[in-house]
>>> print(open('structure_12.cif').read())   # mmCIF, C-alpha atoms
data_query
#
loop_
_atom_site.label_atom_id
_atom_site.label_comp_id
_atom_site.auth_asym_id
_atom_site.auth_seq_id
_atom_site.Cartn_x
_atom_site.Cartn_y
_atom_site.Cartn_z
CA MET A 20 -5.28 132.20 -33.17
CA ARG A 21 -2.05 133.92 -32.19
CA LEU A 22 1.02 133.40 -34.31
CA VAL A 23 4.20 131.84 -32.96
CA PHE A 24 7.26 133.78 -34.02
CA PRO A 25 10.54 131.97 -34.79
CA GLN A 26 13.50 132.82 -32.60
CA MET A 27 15.11 134.74 -35.45
CA LEU A 28 12.25 137.18 -35.52
CA THR A 29 12.43 138.17 -31.86
CA ASP A 30 16.18 138.01 -31.31
CA THR A 31 17.32 141.57 -30.61
CA LEU A 32 20.74 140.90 -29.06
CA PRO A 33 23.39 142.92 -30.90
CA SER A 34 25.68 140.90 -33.14
CA ASN A 35 29.38 141.04 -32.29
CA PHE A 36 30.23 140.19 -35.92
CA MET A 37 32.54 137.36 -34.88
CA PRO A 38 32.81 135.13 -37.97
CA SER A 39 31.35 131.67 -37.53
CA PRO A 40 33.34 128.56 -38.49
CA ALA A 41 30.12 126.88 -39.65
CA ARG A 42 30.23 124.96 -42.91
CA GLY A 43 27.43 123.91 -45.18
CA ARG A 44 25.44 124.90 -48.22
CA VAL A 45 22.91 127.75 -47.98
CA LEU A 46 20.39 128.75 -50.65
CA VAL A 47 19.05 132.31 -50.41
CA PHE A 48 15.77 132.89 -52.24
CA ASP A 49 13.90 136.03 -53.32
CA SER A 50 11.78 137.18 -56.23
CA GLY A 51 14.57 139.47 -57.49
CA VAL A 52 17.81 140.97 -56.23
CA GLY A 53 16.63 142.10 -52.79
CA GLY A 54 17.80 138.90 -51.13
CA LEU A 55 21.36 139.80 -52.05
CA THR A 56 21.39 142.04 -48.97
CA VAL A 57 20.67 138.97 -46.86
CA ALA A 58 23.25 136.87 -48.72
CA GLU A 59 25.85 139.53 -47.87
CA GLU A 60 24.96 139.35 -44.17
CA ILE A 61 25.25 135.55 -44.19
CA ARG A 62 28.59 135.72 -46.00
CA ALA A 63 29.92 138.15 -43.41
CA LEU A 64 28.91 135.95 -40.49
CA GLY A 65 29.70 132.58 -42.10
CA PRO A 66 32.63 133.00 -44.51
CA ALA A 67 33.15 129.22 -44.70
CA LEU A 68 29.59 128.62 -45.94
CA GLY A 69 28.80 127.93 -49.56
CA ILE A 70 26.23 130.66 -50.35
CA HIS A 71 24.04 130.25 -53.42
CA TYR A 72 21.20 132.39 -54.70
CA SER A 73 17.87 131.86 -56.41
CA ALA A 74 15.42 134.39 -57.86
CA ASP A 75 11.88 133.74 -59.00
CA SER A 76 12.46 135.91 -62.05
CA GLY A 77 9.51 134.35 -63.82
CA PHE A 78 7.09 135.83 -61.28
CA PHE A 79 8.79 139.08 -60.21
CA PRO A 80 7.76 141.21 -58.33
CA TYR A 81 5.95 139.48 -55.48
CA GLY A 82 4.74 142.67 -53.82
CA ASP A 83 1.88 143.22 -56.26
CA LYS A 84 0.77 139.60 -56.68
CA SER A 85 -2.37 138.13 -55.12
CA ASP A 86 -2.13 136.06 -51.96
CA GLU A 87 -3.67 133.08 -53.76
CA ALA A 88 -1.08 133.16 -56.55
CA LEU A 89 1.85 133.33 -54.14
CA ARG A 90 0.50 130.71 -51.76
CA ASP A 91 0.06 128.34 -54.68
CA ARG A 92 3.42 129.06 -56.27
CA LEU A 93 5.94 129.38 -53.45
CA PRO A 94 5.95 125.79 -52.13
CA LYS A 95 6.31 124.44 -55.67
CA VAL A 96 9.19 126.74 -56.54
CA ALA A 97 10.94 126.11 -53.21
CA ARG A 98 10.70 122.34 -53.56
CA ARG A 99 12.05 122.39 -57.12
CA LEU A 100 14.95 124.66 -56.19
CA VAL A 101 15.93 122.47 -53.25
CA GLU A 102 15.85 119.41 -55.52
CA TYR A 103 18.30 121.16 -57.84
CA VAL A 104 20.65 122.76 -55.34
CA ARG A 105 20.47 120.34 -52.37
CA PRO A 106 21.20 123.00 -49.71
CA ASP A 107 21.43 122.40 -45.98
CA VAL A 108 19.32 125.50 -45.24
CA PHE A 109 16.78 127.36 -47.38
CA VAL A 110 16.50 131.09 -46.63
CA ILE A 111 13.42 132.97 -47.84
CA ALA A 112 14.92 136.45 -48.10
CA CYS A 113 11.60 138.12 -48.84
CA ASN A 114 9.17 139.66 -46.36
CA THR A 115 6.19 139.25 -48.68
CA ALA A 116 6.80 135.54 -49.25
CA SER A 117 7.62 134.82 -45.61
CA THR A 118 4.65 136.62 -44.07
CA LEU A 119 2.33 134.73 -46.42
CA ALA A 120 3.69 131.25 -47.08
CA LEU A 121 6.49 130.36 -44.63
CA PRO A 122 4.54 127.46 -43.03
CA ASP A 123 3.55 126.15 -46.48
CA VAL A 124 7.16 126.10 -47.66
CA ARG A 125 8.34 124.41 -44.48
CA ALA A 126 5.68 121.74 -44.95
CA VAL A 127 7.12 120.62 -48.31
CA LEU A 128 10.83 120.71 -47.42
CA ASP A 129 12.83 118.39 -45.18
CA ILE A 130 15.55 120.92 -44.36
CA PRO A 131 15.51 124.00 -42.10
CA VAL A 132 13.78 127.04 -43.61
CA VAL A 133 14.59 130.54 -42.36
CA GLY A 134 12.06 133.29 -43.05
CA THR A 135 12.12 137.07 -43.10
CA VAL A 136 9.60 139.36 -41.44
CA PRO A 137 9.67 143.05 -40.50
CA ALA A 138 12.01 144.09 -37.68
CA ILE A 139 9.15 145.61 -35.69
CA LYS A 140 10.25 144.48 -32.24
CA PRO A 141 13.72 146.11 -32.37
CA ALA A 142 12.18 149.22 -33.92
CA ALA A 143 9.74 149.50 -31.02
CA GLN A 144 12.64 149.21 -28.60
CA LEU A 145 14.78 151.74 -30.46
CA THR A 146 12.31 154.59 -30.95
CA ARG A 147 12.48 157.53 -28.57
CA THR A 148 9.49 159.42 -29.93
CA GLY A 149 7.10 156.47 -29.88
CA THR A 150 6.48 156.69 -33.63
CA VAL A 151 7.88 154.16 -36.09
CA GLY A 152 7.62 153.99 -39.87
CA LEU A 153 7.17 150.72 -41.74
CA LEU A 154 8.37 150.86 -45.34
CA ALA A 155 7.40 147.71 -47.21
CA THR A 156 5.66 146.36 -50.30
CA PRO A 157 1.85 146.51 -50.50
CA GLY A 158 1.76 142.76 -49.95
CA THR A 159 3.64 142.91 -46.65
CA ILE A 160 1.57 145.87 -45.44
CA ARG A 161 -1.71 143.99 -45.85
CA ARG A 162 -0.59 140.70 -44.25
CA ALA A 163 -2.25 139.53 -41.05
CA TYR A 164 1.24 138.43 -39.97
CA THR A 165 2.42 142.04 -40.04
CA ALA A 166 -0.60 143.18 -38.03
CA GLU A 167 0.10 140.47 -35.47
CA LEU A 168 3.75 141.55 -35.16
CA ILE A 169 2.63 145.10 -34.47
CA ASP A 170 0.01 143.96 -31.95
CA THR A 171 2.56 141.77 -30.16
CA PHE A 172 5.63 144.00 -30.12
CA ALA A 173 4.49 147.57 -30.84
CA ARG A 174 1.04 147.89 -29.28
CA ASP A 175 1.98 150.98 -27.29
CA ILE A 176 3.60 152.94 -30.13
CA GLN A 177 2.35 154.48 -33.35
CA VAL A 178 3.30 152.55 -36.49
CA ILE A 179 2.85 154.42 -39.77
CA MET A 180 2.94 152.13 -42.80
CA HIS A 181 3.55 152.70 -46.49
CA GLY A 182 3.71 150.09 -49.25
CA SER A 183 5.87 151.03 -52.23
CA ILE A 184 6.45 149.07 -55.41
CA GLU A 185 8.24 152.12 -56.79
CA LEU A 186 11.00 151.79 -54.19
CA VAL A 187 11.51 148.15 -55.20
CA LYS A 188 12.02 149.32 -58.79
CA LEU A 189 14.41 152.04 -57.65
CA ALA A 190 16.44 149.52 -55.66
CA GLU A 191 16.64 147.20 -58.65
CA ALA A 192 17.75 150.08 -60.89
CA HIS A 193 20.37 151.14 -58.35
CA ALA A 194 21.71 147.58 -58.18
CA ARG A 195 22.08 147.65 -61.97
CA GLY A 196 24.26 150.73 -61.63
CA GLU A 197 21.79 153.33 -62.88
CA ASP A 198 22.26 156.94 -61.78
CA LEU A 199 19.06 157.92 -59.96
CA PRO A 200 18.06 161.33 -58.62
CA VAL A 201 17.82 161.62 -54.86
CA GLU A 202 14.40 163.21 -55.33
CA ALA A 203 13.06 159.83 -56.46
CA PHE A 204 13.89 158.32 -53.07
CA ALA A 205 12.44 161.32 -51.26
CA ALA A 206 9.18 160.82 -53.12
CA ALA A 207 9.11 157.07 -52.47
CA GLN A 208 9.25 157.49 -48.69
CA ALA A 209 7.40 160.82 -48.45
CA PRO A 210 3.99 159.26 -47.58
CA LEU A 211 5.44 158.10 -44.25
CA PHE A 212 6.44 161.60 -43.22
CA GLU A 213 3.33 163.24 -44.66
CA ALA A 214 0.95 160.99 -42.70
CA PRO A 215 -0.53 162.25 -39.41
CA GLY A 216 2.24 161.92 -36.83
CA GLY A 217 4.89 161.42 -39.50
CA ASP A 218 6.91 164.36 -38.24
CA ARG A 219 7.62 162.29 -35.10
CA ILE A 220 9.07 159.27 -36.91
CA ASP A 221 12.59 158.55 -35.69
CA THR A 222 12.90 154.90 -36.76
CA ILE A 223 11.92 153.21 -40.02
CA VAL A 224 11.74 149.47 -40.58
CA LEU A 225 12.93 148.47 -44.04
CA ALA A 226 10.48 145.62 -44.45
CA CYS A 227 11.59 144.57 -47.92
CA THR A 228 15.01 143.05 -48.54
CA HIS A 229 15.42 145.30 -51.59
CA PHE A 230 15.39 148.43 -49.49
CA PRO A 231 18.76 148.08 -47.70
CA LEU A 232 20.32 148.31 -51.17
CA VAL A 233 19.38 152.01 -51.13
CA ARG A 234 19.71 152.77 -47.42
CA ALA A 235 22.17 155.60 -48.09
CA GLN A 236 19.78 157.22 -50.56
CA LEU A 237 16.91 156.98 -48.08
CA VAL A 238 19.01 158.53 -45.33
CA ALA A 239 20.09 161.35 -47.63
CA SER A 240 16.56 162.13 -48.79
CA ALA A 241 14.72 161.89 -45.45
CA PRO A 242 13.29 165.22 -44.24
CA GLN A 243 14.36 164.52 -40.64
CA PRO A 244 16.92 162.37 -38.78
CA VAL A 245 15.84 158.72 -38.94
CA SER A 246 17.36 155.34 -38.07
CA TYR A 247 16.70 152.65 -40.69
CA ILE A 248 16.74 149.04 -39.52
CA ASP A 249 16.20 145.68 -41.19
CA SER A 250 16.30 141.96 -40.39
CA GLY A 251 19.44 140.99 -42.33
CA ALA A 252 21.79 140.38 -39.40
CA ALA A 253 19.14 138.43 -37.49
CA ILE A 254 18.51 136.22 -40.53
CA ALA A 255 22.23 135.48 -40.77
CA ARG A 256 22.41 134.48 -37.11
CA GLN A 257 19.39 132.22 -37.45
CA THR A 258 20.85 130.57 -40.54
CA ILE A 259 23.93 129.61 -38.52
CA ARG A 260 21.79 128.39 -35.62
CA VAL A 261 19.70 125.98 -37.69
CA LEU A 262 22.48 124.43 -39.74
CA PRO A 263 22.45 120.67 -39.15
CA PRO A 264 25.47 119.66 -37.04
CA ASP A 265 26.80 117.16 -39.58
CA THR A 266 27.11 119.50 -42.58
CA GLU A 267 30.39 119.80 -44.45
CA GLY A 268 31.87 122.38 -46.77
CA ARG A 269 30.72 121.71 -50.34
CA GLY A 270 32.31 124.29 -52.58
CA LEU A 271 32.62 128.03 -52.30
CA GLY A 272 29.16 129.00 -53.48
CA GLY A 273 28.58 131.61 -56.14
CA HIS A 274 25.92 129.78 -58.17
CA ALA A 275 22.55 131.33 -58.97
CA TRP A 276 19.33 129.81 -60.29
CA LEU A 277 16.50 131.66 -62.03
CA THR A 278 12.97 130.52 -62.86
CA SER A 279 13.26 132.07 -66.32
CA PRO A 280 16.07 131.77 -68.88
CA PRO A 281 19.03 134.01 -67.90
CA GLU A 282 19.07 135.56 -71.36
CA GLU A 283 15.54 136.85 -70.69
CA ALA A 284 16.74 138.68 -67.56
CA PRO A 285 20.09 140.23 -68.57
CA ASP A 286 19.86 143.02 -65.99
CA LEU A 287 19.29 140.53 -63.19
CA ALA A 288 22.18 138.38 -64.41
CA LEU A 289 24.43 141.46 -64.44
CA VAL A 290 23.57 142.31 -60.83
CA LEU A 291 24.06 138.72 -59.67
CA ARG A 292 27.54 138.66 -61.17
CA ARG A 293 28.38 141.98 -59.52
CA TYR A 294 27.40 140.49 -56.16
CA GLY A 295 29.51 137.35 -56.51
CA PHE A 296 27.22 134.90 -58.30
CA PRO A 297 28.88 134.42 -61.72
CA ASP A 298 27.42 131.00 -62.57
CA ILE A 299 23.76 131.59 -63.51
CA GLN A 300 21.41 128.84 -64.63
CA SER A 301 17.70 128.36 -65.10
CA VAL A 302 15.68 125.75 -63.24
CA ALA A 303 13.65 123.51 -65.50
CA ASP A 304 10.06 122.46 -64.82
CA VAL A 305 9.18 125.50 -62.70
CA PRO A 306 5.99 127.21 -63.89
CA ILE A 307 6.78 130.72 -65.08
CA GLU A 308 3.36 131.79 -66.25
CA MET A 309 1.08 134.04 -64.20
CA THR A 310 -1.12 131.79 -62.07
CA SER A 311 -3.35 134.62 -60.91
CA ALA A 312 -3.97 138.23 -61.78
CA PRO A 313 -1.91 140.78 -59.84
CA THR A 314 -3.54 142.43 -56.89
CA ALA A 315 -4.59 146.00 -57.57
CA LEU A 316 -2.39 148.56 -55.84
#
>>> encode(input="structure_12.cif", output="C-alpha cells")
Amino acid sequence: MRLVFPQMLTDTLPSNFMPSPARGRVLVFDSGVGGLTVAEEIRALGPALGIHYSADSGFFPYGDKSDEALRDRLPKVARRLVEYVRPDVFVIACNTASTLALPDVRAVLDIPVVGTVPAIKPAAQLTRTGTVGLLATPGTIRRAYTAELIDTFARDIQVIMHGSIELVKLAEAHARGEDLPVEAFAAAQAPLFEAPGGDRIDTIVLACTHFPLVRAQLVASAPQPVSYIDSGAAIARQTIRVLPPDTEGRGLGGHAWLTSPPEEAPDLALVLRRYGFPDIQSVADVPIEMTSAPTAL
C-alpha cells in the first residue's frame, strides 16, 4: 500500500515570509527541545498566534525507543495534552513520532494535527550532484515511511543515511548553553561523508527537529560545501493552512507542559525559558514509566 503524503510534506514553494494575521492557539509537541525550532518558525509566520509547547520529558529520547512503545504511548500523551491545553492545532514537531504514529494520533484527536517528516523532496530537487545525505535519529532511518518518501521523491538519486543519537544529545547540550568542540559535530556527521559516494554529497536533510539548533556547527565542521535543509518553514505554513476559520486569539502563548515534574528536568526548563516559554507545568495522569525496552542501536 502506498502512503498518502499531506500537503505540508510535498509543498516546496519558497516562503515569502509575509507574516500571517491568523489567530488561534497552537500546541507544538516533541520529546525534548528539538520542536523549539519549529515553534520559532511558526512564531515568525504567525506572530498573532498563541504558541505553546509540550515535551514528553518522561520518555525522552524517542529516537532509541521501540516502535511498539511509541505507537502505544503517543496517542495517549497527545490526547491528554490536548485535554489540558485545548489548542486549535496540534503540531508533532518530531520526525520519529510523525513517521511512526501520525495516523494514530489523528484518530484520537478532533482537531487538526500537523506532522513532520524528512524534507526529502526539496533535497532531491536541490542537489546538483545527485547525492543527498539524510541525517536523522535511528528511529526515523528505519521507518517504512522514510523509505517510501525516498522511493516516491528521490528514486533517481543516491540517498546516504545516518542515524545519530549523539547529535541529539549535542543539540540539547548546545541549547543549554554548553560550550562544545566543533570536532564533536564533525564526528557526529562524519559517517555520511565516509560512506561510499559521500564525497559527492551537496545537500543534507536535517531529519530531526533538534538538528537545526546546531546548523551553524554542522556547516562549520563539514568537510565539503553542503546545503542543510529541514521542514520547519513548511510545517509553519501548514499550521496556518489548517487553522479552523473561526479561531480567536486566546492569550500570547508562552506556556509549556512536561510529562515529568519540571524540577526533575531543570535543564529542559532552563532551555524552555530561554526560548520564550517561562510558565512550565507538568501534566497529570500521563504515564511516565518505560512501556517497552529501548531498541538497540
>>> residues_around(input="structure_12.cif", residues="segment 218-224 of chain A", least_positions_apart="2", cutoff="12 Å", atoms="only C-alpha atoms", output="JSON, numbers by chain")
{"A": [114, 136, 137, 138, 139, 140, 141, 142, 143, 144, 145, 146, 147, 148, 149, 150, 151, 152, 153, 154, 155, 156, 160, 165, 169, 176, 177, 178, 179, 180, 181, 182, 208, 209, 210, 211, 212, 213, 214, 215, 216, 226, 227, 228, 230, 231, 234, 237, 238, 241, 242, 243, 244, 245, 246, 247, 248, 249, 250, 251]}
>>> residues_around(input="structure_12.cif", residues="Arg256 of chain A", least_positions_apart="2", cutoff="9 Å", atoms="all atoms listed in the file", output="mmCIF file with C-alpha atoms, in the coordinates of the input")
data_model
loop_
_atom_site.group_PDB
_atom_site.id
_atom_site.type_symbol
_atom_site.label_atom_id
_atom_site.label_comp_id
_atom_site.auth_asym_id
_atom_site.auth_seq_id
_atom_site.Cartn_x
_atom_site.Cartn_y
_atom_site.Cartn_z
ATOM 1 C CA MET A 27 15.110 134.740 -35.450
ATOM 2 C CA SER A 34 25.680 140.900 -33.140
ATOM 3 C CA GLU A 60 24.960 139.350 -44.170
ATOM 4 C CA ILE A 61 25.250 135.550 -44.190
ATOM 5 C CA LEU A 64 28.910 135.950 -40.490
ATOM 6 C CA GLY A 251 19.440 140.990 -42.330
ATOM 7 C CA ALA A 252 21.790 140.380 -39.400
ATOM 8 C CA ALA A 253 19.140 138.430 -37.490
ATOM 9 C CA ILE A 254 18.510 136.220 -40.530
ATOM 10 C CA THR A 258 20.850 130.570 -40.540
ATOM 11 C CA ILE A 259 23.930 129.610 -38.520
ATOM 12 C CA ARG A 260 21.790 128.390 -35.620
ATOM 13 C CA VAL A 261 19.700 125.980 -37.690
#
>>> residues_around(input="structure_12.cif", residues="Asp129 of chain A", least_positions_apart="5", cutoff="10 Å", atoms="only C-alpha atoms", output="number ranges by chain")
A: 98, 101, 107-108, 124
>>> resolve_selection(input="structure_12.cif", expression="the PyMOL selection byres ((chain A and resi 294) around 12)", output="PyMOL selection string")
chain A and resi 52-59+62+70-72+194-195+232+272-275+287-293+295-298
>>> closest_residue(input="structure_12.cif", among="A:Thr135, A:Gln236, A:Ser73, A:Ser39", to="Leu186 of chain A", atoms="all atoms listed in the file")
A:Gln236
>>> atom_distance(input="structure_12.cif", atom1="atom CA of Arg161 of chain A", atom2="atom CA of Ala239 of chain A")
27.9 Å
>>> resolve_selection(input="structure_12.cif", expression="the PyMOL selection byres ((chain A and resi 279) around 7)", output="list in words")
Ser76, Gly77, Leu277, Thr278, Pro280, Pro281, Glu283, Ser301 and Ile307 of chain A
>>> closest_residue(input="structure_12.cif", among="A:Glu87, A:Glu282, A:Phe79, A:Gly134", to="Lys188 of chain A", atoms="all atoms listed in the file")
A:Phe79
>>> atom_distance(input="structure_12.cif", atom1="atom CA of Pro263 of chain A", atom2="atom CA of Pro38 of chain A")
17.8 Å
>>> residues_around(input="structure_12.cif", residues="Pro106 of chain A", least_positions_apart="4", cutoff="8 Å", atoms="all atoms listed in the file", output="PyMOL selection string")
chain A and resi 43-46+101
>>> atom_distance(input="structure_12.cif", atom1="atom CA of Tyr103 of chain A", atom2="atom CA of Gly51 of chain A")
18.7 Å
>>> closest_residue(input="structure_12.cif", among="A:Asp83, A:Ala284, A:Glu167, A:Val302", to="Val96 of chain A", atoms="only C-alpha atoms")
A:Val302
>>> closest_residue(input="structure_12.cif", among="A:Lys84, A:Arg174, A:His193, A:Arg162", to="Ser50 of chain A", atoms="only C-alpha atoms")
A:Lys84
